[in-house]
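Quick look at protein_16.cif (mmCIF, C-alpha atoms and all ligand atoms):
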data_run
#
loop_
_atom_site.label_atom_id
_atom_site.label_comp_id
_atom_site.auth_asym_id
_atom_site.auth_seq_id
_atom_site.Cartn_x
_atom_site.Cartn_y
_atom_site.Cartn_z
CA MET A 103 -12.02 37.11 -4.01
CA HIS A 104 -14.38 34.88 -5.92
CA PHE A 105 -16.30 32.02 -4.25
CA TYR A 106 -17.87 29.30 -6.39
CA ILE A 107 -20.16 27.01 -4.41
CA LEU A 108 -21.09 23.69 -6.01
CA THR A 109 -24.36 22.56 -4.43
CA LEU A 110 -27.69 20.82 -5.01
CA PHE A 111 -29.38 23.62 -3.01
CA PRO A 112 -28.24 26.97 -4.43
CA ASP A 113 -31.08 28.85 -2.69
CA MET A 114 -29.49 28.09 0.70
CA ILE A 115 -26.43 30.04 -0.39
CA ARG A 116 -28.06 33.09 -1.94
CA GLN A 117 -29.54 34.60 1.27
CA ILE A 118 -26.28 34.99 3.10
CA MET A 119 -24.28 36.61 0.33
CA HIS A 120 -26.66 39.59 0.21
CA THR A 121 -26.75 40.27 3.96
CA SER A 122 -24.76 42.44 6.38
CA ILE A 123 -20.96 42.77 6.08
CA ILE A 124 -20.61 40.11 3.38
CA GLY A 125 -23.48 41.68 1.41
CA ARG A 126 -21.77 45.07 1.56
CA ALA A 127 -18.47 43.61 0.30
CA VAL A 128 -20.34 41.89 -2.54
CA SER A 129 -22.09 45.12 -3.56
CA HIS A 130 -18.70 46.92 -3.48
CA GLY A 131 -17.21 44.26 -5.75
CA ILE A 132 -14.63 43.05 -3.20
CA LEU A 133 -16.24 39.60 -3.12
CA THR A 134 -18.32 37.59 -5.54
CA PHE A 135 -20.36 34.50 -4.74
CA GLU A 136 -21.68 32.15 -7.35
CA ALA A 137 -23.89 29.22 -6.37
CA VAL A 138 -23.59 26.56 -9.08
CA ASN A 139 -26.39 23.99 -9.19
CA ILE A 140 -24.81 20.56 -9.67
CA ARG A 141 -28.14 19.26 -11.00
CA ASP A 142 -27.79 21.58 -14.03
CA TYR A 143 -24.84 19.42 -15.13
CA THR A 144 -26.37 15.94 -14.92
CA ALA A 145 -26.28 13.90 -18.13
CA ASP A 146 -29.24 11.84 -16.85
CA LYS A 147 -32.47 12.44 -18.75
CA HIS A 148 -34.45 12.46 -15.47
CA LYS A 149 -32.01 14.97 -13.92
CA LYS A 150 -30.92 12.36 -11.38
CA VAL A 151 -27.69 13.15 -9.48
CA ASP A 152 -27.53 10.26 -7.01
CA ASP A 153 -27.72 6.47 -6.93
CA TYR A 154 -27.45 3.51 -4.55
CA PRO A 155 -24.07 2.75 -2.96
CA TYR A 156 -22.16 -0.24 -4.37
CA GLY A 157 -21.85 -2.81 -1.61
CA GLY A 158 -25.19 -1.82 -0.13
CA GLY A 159 -25.97 0.24 2.93
CA ALA A 160 -28.18 3.15 3.87
CA GLY A 161 -28.83 6.23 1.76
CA MET A 162 -27.75 7.45 -1.64
CA VAL A 163 -24.43 8.62 -3.05
CA MET A 164 -23.93 11.67 -5.27
CA GLN A 165 -22.60 10.46 -8.60
CA ALA A 166 -19.26 11.49 -10.05
CA GLN A 167 -20.39 12.79 -13.47
CA PRO A 168 -22.54 15.81 -12.51
CA VAL A 169 -20.10 16.87 -9.79
CA TYR A 170 -17.14 16.65 -12.15
CA ASP A 171 -18.87 18.50 -14.99
CA ALA A 172 -20.07 21.31 -12.70
CA TRP A 173 -16.53 21.67 -11.32
CA LYS A 174 -14.95 21.58 -14.80
CA ALA A 175 -17.32 24.29 -16.06
CA VAL A 176 -16.26 26.54 -13.18
CA MET A 177 -12.56 25.79 -13.70
CA ASP A 178 -12.81 26.62 -17.40
CA ARG A 179 -14.52 29.90 -16.60
CA ILE A 180 -11.95 30.89 -13.97
CA GLY A 181 -9.11 30.11 -16.37
CA GLN A 182 -6.55 30.65 -13.60
CA GLU A 183 -2.92 29.78 -14.23
CA GLY A 184 -1.82 27.32 -11.57
CA GLY A 185 -4.07 25.51 -9.16
CA VAL A 186 -7.43 26.64 -7.91
CA ARG A 187 -8.13 25.16 -4.49
CA THR A 188 -11.28 23.03 -4.32
CA ILE A 189 -12.53 22.49 -0.78
CA TYR A 190 -14.83 19.60 0.10
CA LEU A 191 -16.76 20.26 3.30
CA THR A 192 -17.02 17.01 5.25
CA PRO A 193 -16.90 15.93 8.87
CA GLN A 194 -14.15 13.46 7.82
CA ALA A 195 -11.47 16.14 7.76
CA PRO A 196 -9.22 18.39 9.83
CA VAL A 197 -11.25 20.94 11.81
CA PHE A 198 -11.43 24.47 10.44
CA GLY A 199 -9.94 27.35 12.45
CA GLN A 200 -8.91 30.98 12.27
CA LYS A 201 -5.41 30.13 11.04
CA MET A 202 -6.87 28.22 8.06
CA ALA A 203 -9.27 31.11 7.38
CA LYS A 204 -6.32 33.50 7.04
CA GLU A 205 -4.48 31.12 4.72
CA PHE A 206 -7.43 30.63 2.36
CA ALA A 207 -8.06 34.41 2.34
CA LYS A 208 -4.88 34.81 0.22
CA GLU A 209 -6.45 32.95 -2.72
CA GLN A 210 -8.02 34.72 -5.68
CA ASN A 211 -10.62 32.00 -6.36
CA LEU A 212 -12.03 29.24 -4.15
CA ILE A 213 -14.34 26.40 -5.16
CA LEU A 214 -16.45 24.92 -2.34
CA LEU A 215 -18.07 21.53 -2.85
CA CYS A 216 -21.14 20.70 -0.76
CA GLY A 217 -22.11 17.06 -0.31
CA HIS A 218 -25.45 15.56 0.61
CA TYR A 219 -26.97 12.18 1.38
CA GLU A 220 -24.29 9.65 2.31
CA GLY A 221 -21.59 11.50 0.44
CA ILE A 222 -20.01 11.77 -3.00
CA ASP A 223 -18.45 9.06 -5.17
CA GLU A 224 -14.85 8.83 -3.97
CA ARG A 225 -13.41 8.82 -7.50
CA VAL A 226 -14.49 12.36 -8.32
CA LEU A 227 -13.23 13.59 -4.94
CA GLU A 228 -9.82 12.13 -5.81
CA GLU A 229 -9.86 14.01 -9.13
CA ILE A 230 -10.91 17.50 -7.99
CA VAL A 231 -10.54 18.06 -4.22
CA THR A 232 -7.38 19.77 -2.94
CA ASP A 233 -8.53 20.39 0.66
CA TYR A 234 -10.87 18.50 3.01
CA VAL A 235 -12.36 20.69 5.75
CA SER A 236 -14.74 19.99 8.65
CA ILE A 237 -16.30 22.76 10.74
CA GLY A 238 -16.44 20.70 13.94
CA ASP A 239 -17.07 17.33 15.49
CA TYR A 240 -20.79 16.99 14.88
CA VAL A 241 -22.74 15.81 11.84
CA LEU A 242 -24.91 18.07 9.69
CA THR A 243 -27.32 17.09 6.93
CA GLY A 244 -25.28 18.68 4.16
CA GLY A 245 -22.29 20.81 3.28
CA GLU A 246 -24.14 24.09 2.62
CA LEU A 247 -24.05 25.46 6.18
CA PRO A 248 -20.38 24.44 6.56
CA ALA A 249 -19.59 26.11 3.20
CA MET A 250 -21.20 29.34 4.40
CA VAL A 251 -19.38 29.17 7.73
CA PHE A 252 -16.13 28.64 5.86
CA ALA A 253 -16.83 31.41 3.32
CA ASP A 254 -17.84 33.93 6.00
CA ALA A 255 -14.72 33.31 8.09
CA VAL A 256 -12.44 33.47 5.02
CA ALA A 257 -14.17 36.47 3.43
CA ARG A 258 -13.84 38.68 6.50
CA MET A 259 -10.06 38.17 6.36
CA VAL A 260 -9.94 39.55 2.79
CA PRO A 261 -8.61 43.14 2.82
CA GLY A 262 -11.43 45.69 2.51
CA VAL A 263 -14.25 43.43 3.73
CA LEU A 264 -14.12 44.71 7.30
CA THR A 265 -14.42 48.50 7.38
CA ASN A 266 -12.52 48.73 10.64
CA GLU A 267 -9.33 46.96 9.54
CA LEU A 268 -8.14 46.70 13.15
CA SER A 269 -11.08 44.57 14.22
CA GLY A 270 -9.67 41.63 12.28
CA SER A 271 -6.58 41.56 14.46
CA THR A 272 -7.80 42.47 17.98
CA GLU A 273 -10.63 40.00 18.07
CA SER A 274 -11.14 36.60 19.64
CA LEU A 275 -8.54 33.94 18.81
CA GLU A 276 -5.86 36.39 17.70
CA GLY A 277 -2.72 35.02 19.35
CA ASN A 278 -4.88 32.15 20.65
CA LEU A 279 -6.59 34.44 23.18
CA LEU A 280 -10.28 35.21 23.51
CA GLU A 281 -11.40 38.81 23.25
CA TYR A 282 -11.86 40.99 26.36
CA PRO A 283 -15.40 42.02 27.44
CA GLN A 284 -17.01 45.02 25.74
CA TYR A 285 -19.28 47.73 27.19
CA SER A 286 -21.33 50.56 25.72
CA ARG A 287 -23.72 53.18 27.08
CA PRO A 288 -25.18 53.65 29.62
CA GLU A 289 -22.48 53.77 32.32
CA GLU A 290 -24.80 51.93 34.68
CA TRP A 291 -27.39 49.33 33.65
CA ASN A 292 -29.41 47.06 35.90
CA GLY A 293 -27.30 48.16 38.85
CA LYS A 294 -24.09 47.14 37.04
CA LYS A 295 -21.36 49.70 36.35
CA VAL A 296 -18.93 49.75 33.46
CA PRO A 297 -15.41 48.98 34.82
CA SER A 298 -14.01 52.39 35.82
CA VAL A 299 -10.71 51.95 33.95
CA LEU A 300 -12.63 52.10 30.67
CA LEU A 301 -13.94 55.57 31.58
CA SER A 302 -10.53 56.83 32.76
CA GLY A 303 -9.24 57.98 29.38
CA ASN A 304 -5.87 56.38 30.23
CA HIS A 305 -5.19 54.25 27.16
CA ALA A 306 -2.22 52.42 28.64
CA ASN A 307 -4.33 51.33 31.60
CA VAL A 308 -7.20 50.37 29.29
CA ASP A 309 -4.86 48.21 27.17
CA ALA A 310 -3.37 46.54 30.24
CA TRP A 311 -6.83 45.81 31.68
CA ARG A 312 -8.05 44.36 28.39
CA ARG A 313 -4.98 42.18 28.05
CA GLU A 314 -5.53 40.79 31.54
CA GLN A 315 -9.23 40.17 30.87
CA SER A 316 -8.37 38.35 27.63
CA ILE A 317 -5.99 36.04 29.43
CA ARG A 318 -8.34 35.40 32.39
CA ARG A 319 -11.27 34.73 30.07
CA THR A 320 -9.20 32.30 28.00
CA ALA A 321 -8.01 30.51 31.15
CA ASP A 322 -11.61 30.23 32.35
CA ARG A 323 -13.43 29.28 29.12
CA ARG A 324 -10.78 27.76 26.86
CA PRO A 325 -7.87 26.48 28.96
CA ASP A 326 -6.89 24.31 25.96
CA LEU A 327 -6.21 27.49 23.94
CA LEU A 328 -4.24 29.23 26.68
CA ALA A 329 -1.57 26.55 26.46
CA GLN A 330 -0.80 27.79 22.91
CA ALA A 331 -1.35 31.51 23.53
CA ASP A 332 1.29 34.16 22.89
CA LEU A 333 2.08 35.22 26.48
CA THR A 334 5.09 37.13 27.72
CA GLU A 335 7.30 35.39 30.30
CA LYS A 336 5.81 37.57 33.01
CA GLU A 337 2.29 36.71 31.95
CA GLN A 338 3.14 33.03 31.87
CA LYS A 339 4.36 33.25 35.48
CA ILE A 340 1.10 34.86 36.57
CA TYR A 341 -1.45 32.89 34.59
CA LEU A 342 -0.05 29.49 33.64
CL1 LIG A 401 -18.08 20.16 6.64
N1 LIG A 401 -20.25 18.69 6.57
C1 LIG A 401 -21.24 18.00 7.17
N2 LIG A 401 -22.16 17.42 6.43
N3 LIG A 401 -21.32 17.88 8.48
C2 LIG A 401 -20.37 18.49 9.20
C3 LIG A 401 -19.33 19.20 8.64
C4 LIG A 401 -19.29 19.28 7.31
N4 LIG A 401 -18.53 19.69 9.61
C5 LIG A 401 -19.08 19.25 10.74
N5 LIG A 401 -20.18 18.53 10.50
#
As structure tokens, how would this structure be written, given the file I've shared?
Ligand code: 6GU
Amino acid sequence: MHFYILTLFPDMIRQIMHTSIIGRAVSHGILTFEAVNIRDYTADKHKKVDDYPYGGGAGMVMQAQPVYDAWKAVMDRIGQEGGVRTIYLTPQAPVFGQKMAKEFAKEQNLILLCGHYEGIDERVLEEIVTDYVSIGDYVLTGGELPAMVFADAVARMVPGVLTNELSGSTESLEGNLLEYPQYSRPEEWNGKKVPSVLLSGNHANVDAWRREQSIRRTADRRPDLLAQADLTEKEQKIYL
């Protein structure tokens, strides 16, 4: 999968794509990331990309021309038949989640648009944006961190990015349940023992214990999720 990130701060993007699991997938050619500097596309002789908002008010607005030309250059290079999804990261949007991450992971190319200042001229958004996505109900200074959050969550759902393919499906939020607690060596630490069932070697009992822990943890920490969780009728009787 190819990510194209349209931004005024390409250096913010470059760190993450060379690190850890994402970095490994990039070096194996499963993913590519390209940070495109919107400023490189300004037609202004002083390289300006923003101006005052019509109607007055605080801050500056990113102008339509450089954003459109940066986007068009990427689109021409991709040359994909049919639509390429262009995602504008903004708090004025539906909130991102694991289900969305899985959907976007099916795409071959994704263009992420990062805003700054008081936003981007609405007219260019109308022309190029297919999806508006927020990463949560709080306000950040720009779209770069949200774009990286989005790209990380989507990328790890692309086949081959996670080496242990199972870990994508047994983790937190699968079936709207949180993940069970994990333990590693030693068997006793700080006077606390690892739950004995995990040392028993009885896989059916381990699975049953983990399932119960997942449900209890979800009930305790995210009761809002539990209401939508995939529970059997028996489980519903016990836990809901
Ligand atoms: Cl996507 N952008 C900005 N600037 N702030 C946010 C956000 C996005 N999601 C939550 N806060």
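Reported to one decimal place, the separation of atom C1 of ligand LIG 401 (chain A) from CA of Glu205 (chain A) is 21.4 Å.
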Distance CA of Ala175 (chain A)-CA of Glu136 (chain A), one decimal place?
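The value is 12.5 Å.
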Straight-line distance linking CA of Tyr282 (chain A) with CA of Arg319 (chain A), stated in Å to one decimal:
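Taking CA of Tyr282 (chain A) as the start and CA of Arg319 (chain A) as the end point, the length is 7.3 Å.
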Do you have, as JSON lines, the list of residues of chain A lying at most 8 Å from ligand LIG 401 (chain A), each with its nearest atom pair and that distance in Å to one decimal, counting only C-alpha atoms and all ligand atoms and ordered by chain then number?
{"residue": "A:Tyr190", "atom": "CA", "partner": "A:LIG401", "partner_atom": "CL1", "distance": 7.3}
{"residue": "A:Leu191", "atom": "CA", "partner": "A:LIG401", "partner_atom": "CL1", "distance": 3.6}
{"residue": "A:Thr192", "atom": "CA", "partner": "A:LIG401", "partner_atom": "CL1", "distance": 3.6}
{"residue": "A:Pro193", "atom": "CA", "partner": "A:LIG401", "partner_atom": "C3", "distance": 4.1}
{"residue": "A:Gln194", "atom": "CA", "partner": "A:LIG401", "partner_atom": "C3", "distance": 7.8}
{"residue": "A:Ala195", "atom": "CA", "partner": "A:LIG401", "partner_atom": "CL1", "distance": 7.8}
{"residue": "A:Val197", "atom": "CA", "partner": "A:LIG401", "partner_atom": "N4", "distance": 7.7}
{"residue": "A:Cys216", "atom": "CA", "partner": "A:LIG401", "partner_atom": "N1", "distance": 7.7}
{"residue": "A:Gly217", "atom": "CA", "partner": "A:LIG401", "partner_atom": "N2", "distance": 6.7}
{"residue": "A:His218", "atom": "CA", "partner": "A:LIG401", "partner_atom": "N2", "distance": 6.9}
{"residue": "A:Val235", "atom": "CA", "partner": "A:LIG401", "partner_atom": "CL1", "distance": 5.8}
{"residue": "A:Ser236", "atom": "CA", "partner": "A:LIG401", "partner_atom": "CL1", "distance": 3.9}
{"residue": "A:Ile237", "atom": "CA", "partner": "A:LIG401", "partner_atom": "N4", "distance": 4.0}
{"residue": "A:Gly238", "atom": "CA", "partner": "A:LIG401", "partner_atom": "C5", "distance": 4.4}
{"residue": "A:Asp239", "atom": "CA", "partner": "A:LIG401", "partner_atom": "C5", "distance": 5.5}
{"residue": "A:Tyr240", "atom": "CA", "partner": "A:LIG401", "partner_atom": "N5", "distance": 4.7}
{"residue": "A:Val241", "atom": "CA", "partner": "A:LIG401", "partner_atom": "N5", "distance": 4.0}
{"residue": "A:Leu242", "atom": "CA", "partner": "A:LIG401", "partner_atom": "N3", "distance": 3.8}
{"residue": "A:Thr243", "atom": "CA", "partner": "A:LIG401", "partner_atom": "N2", "distance": 5.2}
{"residue": "A:Gly244", "atom": "CA", "partner": "A:LIG401", "partner_atom": "N2", "distance": 4.1}
{"residue": "A:Gly245", "atom": "CA", "partner": "A:LIG401", "partner_atom": "N1", "distance": 4.4}
{"residue": "A:Glu246", "atom": "CA", "partner": "A:LIG401", "partner_atom": "N1", "distance": 7.7}
{"residue": "A:Leu247", "atom": "CA", "partner": "A:LIG401", "partner_atom": "N1", "distance": 7.8}
{"residue": "A:Pro248", "atom": "CA", "partner": "A:LIG401", "partner_atom": "CL1", "distance": 4.9}
{"residue": "A:Ala249", "atom": "CA", "partner": "A:LIG401", "partner_atom": "CL1", "distance": 7.0}
Create the file for the chosen residues now, containing C-alpha atoms and written as a PDB file, in the frame of the given file.
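Contents of the output file result.pdb:
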ATOM      1  CA  TYR A 190     -14.830  19.600   0.100  1.00  0.00           C
ATOM      2  CA  LEU A 191     -16.760  20.260   3.300  1.00  0.00           C
ATOM      3  CA  THR A 192     -17.020  17.010   5.250  1.00  0.00           C
ATOM      4  CA  PRO A 193     -16.900  15.930   8.870  1.00  0.00           C
ATOM      5  CA  GLN A 194     -14.150  13.460   7.820  1.00  0.00           C
ATOM      6  CA  ALA A 195     -11.470  16.140   7.760  1.00  0.00           C
ATOM      7  CA  VAL A 197     -11.250  20.940  11.810  1.00  0.00           C
ATOM      8  CA  CYS A 216     -21.140  20.700  -0.760  1.00  0.00           C
ATOM      9  CA  GLY A 217     -22.110  17.060  -0.310  1.00  0.00           C
ATOM     10  CA  HIS A 218     -25.450  15.560   0.610  1.00  0.00           C
ATOM     11  CA  VAL A 235     -12.360  20.690   5.750  1.00  0.00           C
ATOM     12  CA  SER A 236     -14.740  19.990   8.650  1.00  0.00           C
ATOM     13  CA  ILE A 237     -16.300  22.760  10.740  1.00  0.00           C
ATOM     14  CA  GLY A 238     -16.440  20.700  13.940  1.00  0.00           C
ATOM     15  CA  ASP A 239     -17.070  17.330  15.490  1.00  0.00           C
ATOM     16  CA  TYR A 240     -20.790  16.990  14.880  1.00  0.00           C
ATOM     17  CA  VAL A 241     -22.740  15.810  11.840  1.00  0.00           C
ATOM     18  CA  LEU A 242     -24.910  18.070   9.690  1.00  0.00           C
ATOM     19  CA  THR A 243     -27.320  17.090   6.930  1.00  0.00           C
ATOM     20  CA  GLY A 244     -25.280  18.680   4.160  1.00  0.00           C
ATOM     21  CA  GLY A 245     -22.290  20.810   3.280  1.00  0.00           C
ATOM     22  CA  GLU A 246     -24.140  24.090   2.620  1.00  0.00           C
ATOM     23  CA  LEU A 247     -24.050  25.460   6.180  1.00  0.00           C
ATOM     24  CA  PRO A 248     -20.380  24.440   6.560  1.00  0.00           C
ATOM     25  CA  ALA A 249     -19.590  26.110   3.200  1.00  0.00           C
TER      26      ALA A 249
END
Which residue is closest to Leu328 (chain A)? Choose from A:Gln200, A:Ser122, A:Asn278, A:Thr232 and count all atoms listed in the file.
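Closest candidate: A:Asn278.
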Sphere at (-19.4, 31.5, -8.0), radius 7 Å, counting all atoms listed in the file: residues as a PyMOL selection string
chain A and resi 104-107+134-138
Within 12 Å of Gln182 (chain A), counting all atoms listed in the file, which residues qualify if same-chain residues fewer than 6 places away don't, as a PDB file with C-alpha atoms, in the frame of the given file?
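Once written, around_16.pdb looks like this:
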ATOM      1  CA  HIS A 104     -14.380  34.880  -5.920  1.00  0.00           C
ATOM      2  CA  VAL A 176     -16.260  26.540 -13.180  1.00  0.00           C
ATOM      3  CA  GLU A 209      -6.450  32.950  -2.720  1.00  0.00           C
ATOM      4  CA  GLN A 210      -8.020  34.720  -5.680  1.00  0.00           C
ATOM      5  CA  ASN A 211     -10.620  32.000  -6.360  1.00  0.00           C
ATOM      6  CA  LEU A 212     -12.030  29.240  -4.150  1.00  0.00           C
TER       7      LEU A 212
END
Within 10 Å of region 148-163 of chain A, counting all atoms listed in the file, which residues qualify if same-chain residues fewer than 4 places away don't, as a short mmCIF file (atom, residue, chain, number, x, y, z; two decimals) with C-alpha atoms, in the coordinates of the input?
data_model
loop_
_atom_site.label_atom_id
_atom_site.label_comp_id
_atom_site.auth_asym_id
_atom_site.auth_seq_id
_atom_site.Cartn_x
_atom_site.Cartn_y
_atom_site.Cartn_z
CA LEU A 110 -27.69 20.82 -5.01
CA ILE A 140 -24.81 20.56 -9.67
CA ARG A 141 -28.14 19.26 -11.00
CA ASP A 142 -27.79 21.58 -14.03
CA TYR A 143 -24.84 19.42 -15.13
CA THR A 144 -26.37 15.94 -14.92
CA GLN A 167 -20.39 12.79 -13.47
CA PRO A 168 -22.54 15.81 -12.51
CA VAL A 169 -20.10 16.87 -9.79
CA GLY A 217 -22.11 17.06 -0.31
CA HIS A 218 -25.45 15.56 0.61
CA TYR A 219 -26.97 12.18 1.38
CA GLU A 220 -24.29 9.65 2.31
CA GLY A 221 -21.59 11.50 0.44
CA ILE A 222 -20.01 11.77 -3.00
CA ASP A 223 -18.45 9.06 -5.17
CA GLU A 224 -14.85 8.83 -3.97
#
Close residues, region 309-318 of chain A itself excluded, 9 Å, all atoms listed in the file, min 3 positions apart in chain, as a PDB file with C-alpha atoms, in the frame of the given file:
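Heads up, here's the output in selection-v5.pdb:
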ATOM      1  CA  SER A 274     -11.140  36.600  19.640  1.00  0.00           C
ATOM      2  CA  LEU A 279      -6.590  34.440  23.180  1.00  0.00           C
ATOM      3  CA  LEU A 280     -10.280  35.210  23.510  1.00  0.00           C
ATOM      4  CA  GLU A 281     -11.400  38.810  23.250  1.00  0.00           C
ATOM      5  CA  TYR A 282     -11.860  40.990  26.360  1.00  0.00           C
ATOM      6  CA  PRO A 283     -15.400  42.020  27.440  1.00  0.00           C
ATOM      7  CA  VAL A 299     -10.710  51.950  33.950  1.00  0.00           C
ATOM      8  CA  LEU A 300     -12.630  52.100  30.670  1.00  0.00           C
ATOM      9  CA  ASN A 304      -5.870  56.380  30.230  1.00  0.00           C
ATOM     10  CA  HIS A 305      -5.190  54.250  27.160  1.00  0.00           C
ATOM     11  CA  ALA A 306      -2.220  52.420  28.640  1.00  0.00           C
ATOM     12  CA  ALA A 321      -8.010  30.510  31.150  1.00  0.00           C
ATOM     13  CA  ASP A 322     -11.610  30.230  32.350  1.00  0.00           C
ATOM     14  CA  ARG A 323     -13.430  29.280  29.120  1.00  0.00           C
ATOM     15  CA  LEU A 328      -4.240  29.230  26.680  1.00  0.00           C
ATOM     16  CA  ALA A 331      -1.350  31.510  23.530  1.00  0.00           C
ATOM     17  CA  LEU A 333       2.080  35.220  26.480  1.00  0.00           C
ATOM     18  CA  GLU A 337       2.290  36.710  31.950  1.00  0.00           C
ATOM     19  CA  TYR A 341      -1.450  32.890  34.590  1.00  0.00           C
TER      20      TYR A 341
END
Looking at A:Ala253, A:Met103, A:Ser129, A:Ser298, which one is nearest to Ile180 (chain A), with distances taken over all atoms listed in the file?
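Nearest to Ile180 (chain A): A:Met103.
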In terms of the shortest atom-to-atom distance over all atoms listed in the file, which of A:Gly199, A:Gly303, A:Gly277, A:Gly293 is closest to Phe252 (chain A)?
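Counting all atoms listed in the file, the residue closest to Phe252 (chain A) is A:Gly199.
Neighbours of Val296 (chain A) closer than or equal to 10 Å, with all atoms listed in the file counted and sequence neighbours fewer than 3 positions away skipped, come out as Gln284, Tyr285, Ser286, Arg287, Pro288, Glu289, Glu290, Trp291, Val299, Leu300 and Leu301 of chain A.
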